[in-house]
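The next block holds one structure in the form of C-alpha cells; read it before the comments.
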Amino acid sequence: MFSKQDYYYMALAIKLAKQGHYTTSPNPRVGCVLVNSIEGKVQIIGTGFHQKAGQGHAEVNALLDATNKFPKLIKDATAYVTLEPCSHFGRTPPCAQGLINAGVKRVVAAMVDPYPEVSGRGLKMLEQAGIQTEVGLLENEAKALNIGFIKVITEGLPYVRVKLAASLDGKTAMQSGESKWITSSNARCDVQKLRAQSCAVIAGAGSILTDNAKMTVRWSELGELKESYQEDKIRQPIRVVIDSKNRLTPDLDFFSQESAVILVRGKLDRIRLEKLHQWPHFVEQVELPMVKASVGEDKVDLTALLTLLAQRGLNDVLVESGAHLAGAFIEQNLVDELILYQAPKLMGGDGKNLVEMPNISTLTQAKSLSITDIRMVGCDIRITAKLEKIP
C-alpha cells in the first residue's frame, strides 16, 4: 500500500512534529511534508509543524513554506501529515479546506484524529473534493507523539508519569530527611525536560515544605534544549499541590515565581483562608471530594483531580512527590508510566522507602511493570517502565 518513499516522508513529518514537543499543548504535536514530482523526480517543496496553540497548524505552515519556495508546485502535490487534517473552525480555519484550496492531489495521514469534531471528517472532506486519501502509515509512531492528547479524548484522564529518584538500595532520603542530592546534575537536568514537556506537575504539600521546592522549569538547566528553545518560549507547567490540611502559606519560595498554581483542598473555607492569607493572583484554590482511606486519614480523590485536569486540556501530567502520594497514585492504578533515577549510592539504615503502598500486603497484589527503556544519565541509571493496567 505504501512505498519506501512514503515511509521516508512520513518519518520526516514525525521528526518535524517532535519539534513542538515542549510547546504545543493542549493541542497535539503535528508535522507535515509536501512533495511533488519535477520531471519524474520527487522532491520536498514545503515542511511545517505545529508550534503553539492558536498559531498555524502543521499543514498551514507547510503550505506557507511551499508558497515561499515552490509556489507553482503546490498544485497536485502530496501531503504527508502525522494526524488527520482538522475539519472544523477552532482558533484557526480547517486544514482540510486549506489543502483543498491549495490543489493537492493526495493526502497521507498517519492516524485518524480521535477528537470527535474531526474524527474521519477531515478525510471525508478531502475525498469529497476528489483528493486521494490514505491513512495508517507509521500509525504507532504518530500515536506516541500525542499519547496524552489521545488519552484525554478517549478516557477523560491525562497521561500520568511518576518521577522517582533513589539510591541503588531503594532509599529516597536518609532517616533524618536529608535527600539533596541523591542523583547527579545530569539526572536533575533530565527531570527539567520532563517538567518542560508536562502540562502540569503534581506534588503534595509535604514535599514543598520539606524540600523548599518551586517545581518550575529552569531554562538554565535544560542542557542542549537551550539551543532550540528560547527562555521566553518555554511553557511553565501548571503547578498542582494537594494541600488538604491548608499547610502552605504565600511567603514560601514556591510562590515567588509567577506561574499558574492550583491548590487542591479537601474542604475550602474561602472566608477563613482569605482572612489568614493574601494569595498571589496566579493561585487558584479548588475544593475536591475526599475519599475514605483504608489506612490513616481521608484523602483527596485523585481520580477527581485527574478528571479536573483533563477537562482543562492538561494532557500530560508529571507526579513529583513523596513516597505516600506517589504510592497512592500507583496503588489506585492511575499511573501510566514510571521514571526512576537510581544513583550509584548505598544509603542503608532506616532511610525512606521509594513508595508507600499500605494496601498491598501479598505478592499477588504487587504492581507489575513493563520496562521500556534503561539508559545512563550521567552516572545515574534511568529506568522507564509502563504500569500494567488491571482490568
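The way I read the labels, and the way they are meant: chains A, B, ... in the order of the C-alpha cells, residue 1 as the first residue of every chain, and ligand 1 as the first ligand shown, with later ones counted on from there.
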
Practice prompt. Could you give me, as a PyMOL selection string, the residues within 7 Å of Thr78 in chain A, counting only C-alpha atoms and dropping anything in the same chain fewer than 3 positions from it?
Written response: chain A and resi 34-36+104-107

Item to complete: Please identify all polymer residues within 9 Å of Leu194 in chain A, counting only C-alpha atoms, omitting same-chain residues fewer than 5 positions from it, and present them as a count of residues only.
Response: 3

Practice prompt. Taking the chain letters and numbering used in this document, name the residues of range 60-264 of chain A that DSSP puts in strand (DSSP E), as a VMD selection string.
Written response: chain A and resid 78 to 81 106 to 109 132 to 135 159 to 167 171 to 173 200 to 204 238 to 242 261 to 264

Could those residues be written to a file, using C-alpha atoms, as an mmCIF file, in the first residue's frame?
data_model
loop_
_atom_site.group_PDB
_atom_site.id
_atom_site.type_symbol
_atom_site.label_atom_id
_atom_site.label_comp_id
_atom_site.auth_asym_id
_atom_site.auth_seq_id
_atom_site.Cartn_x
_atom_site.Cartn_y
_atom_site.Cartn_z
ATOM 1 C CA THR A 78 1.207 15.028 -1.945
ATOM 2 C CA ALA A 79 0.898 15.962 1.723
ATOM 3 C CA TYR A 80 2.209 13.678 4.467
ATOM 4 C CA VAL A 81 0.609 14.576 7.807
ATOM 5 C CA ARG A 106 -3.045 13.172 -2.357
ATOM 6 C CA VAL A 107 -3.010 13.260 1.448
ATOM 7 C CA VAL A 108 -1.379 10.538 3.545
ATOM 8 C CA ALA A 109 -2.273 10.699 7.254
ATOM 9 C CA GLN A 132 -6.839 10.687 -2.796
ATOM 10 C CA THR A 133 -6.503 9.870 0.914
ATOM 11 C CA GLU A 134 -4.648 7.109 2.741
ATOM 12 C CA VAL A 135 -4.280 6.563 6.473
ATOM 13 C CA TYR A 159 -1.371 10.554 30.736
ATOM 14 C CA VAL A 160 0.326 10.286 34.129
ATOM 15 C CA ARG A 161 4.044 9.888 34.678
ATOM 16 C CA VAL A 162 5.544 9.429 38.143
ATOM 17 C CA LYS A 163 9.127 10.505 38.632
ATOM 18 C CA LEU A 164 11.121 8.848 41.405
ATOM 19 C CA ALA A 165 14.758 9.078 42.489
ATOM 20 C CA ALA A 166 16.550 6.676 44.812
ATOM 21 C CA SER A 167 19.815 5.058 45.752
ATOM 22 C CA LYS A 171 16.163 4.859 49.544
ATOM 23 C CA THR A 172 14.893 8.328 48.710
ATOM 24 C CA ALA A 173 16.247 10.076 51.815
ATOM 25 C CA ALA A 200 1.009 20.037 34.921
ATOM 26 C CA VAL A 201 3.231 18.899 37.784
ATOM 27 C CA ILE A 202 1.559 17.405 40.863
ATOM 28 C CA ALA A 203 3.111 17.428 44.318
ATOM 29 C CA GLY A 204 1.987 17.136 47.906
ATOM 30 C CA ILE A 238 0.687 24.360 35.961
ATOM 31 C CA ARG A 239 1.840 23.502 39.474
ATOM 32 C CA VAL A 240 -0.761 21.456 41.308
ATOM 33 C CA VAL A 241 -0.332 20.975 45.049
ATOM 34 C CA ILE A 242 -2.524 18.772 47.204
ATOM 35 C CA VAL A 261 -0.753 27.261 40.696
ATOM 36 C CA ILE A 262 -3.725 25.130 41.700
ATOM 37 C CA LEU A 263 -4.014 24.471 45.428
ATOM 38 C CA VAL A 264 -6.206 21.426 45.970
#

Discussion item. So the first atom is CA of Thr384 in chain A and the second is CA of Leu325 in chain A; what is the distance between them in Å, to one decimal place?
Written reply: 19.2 Å

Discussion item. Report, in Å to a single decimal, how far apart CA of Ala77 in chain A and CA of Ala102 in chain A are.
Written reply: 9.0 Å

Item to complete: Extract the full set of alpha helix (DSSP H) residues from range 134-183 of chain A according to DSSP on the backbone, and format it as number ranges by chain.
Response: A: 139-145, 147-155

Worksheet item: A:Asp211, A:Glu221, A:Asp298, A:Glu231: which is nearest Lys245 in chain A, counting only C-alpha atoms?
Response: A:Asp298

Worksheet item: What is the distance, in Å and to one decimal place, between CA of Gly348 in chain A and CA of Ala323 in chain A?
Response: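 If I compute the distance from CA of Gly348 in chain A to CA of Ala323 in chain A, I get 17.1 Å.
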
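The shortest atom-to-atom distance to Ala196 in chain A, with only C-alpha atoms taken into account, belongs to A:Tyr22 out of A:Trp219, A:Phe149, A:Tyr22, A:Tyr9.
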
Item to complete: Would you mind listing what lies within 6 Å of Gly327 in chain A as number ranges by chain, with only C-alpha atoms counted and same-chain residues fewer than 6 positions away left out?
Response: A: 355-357
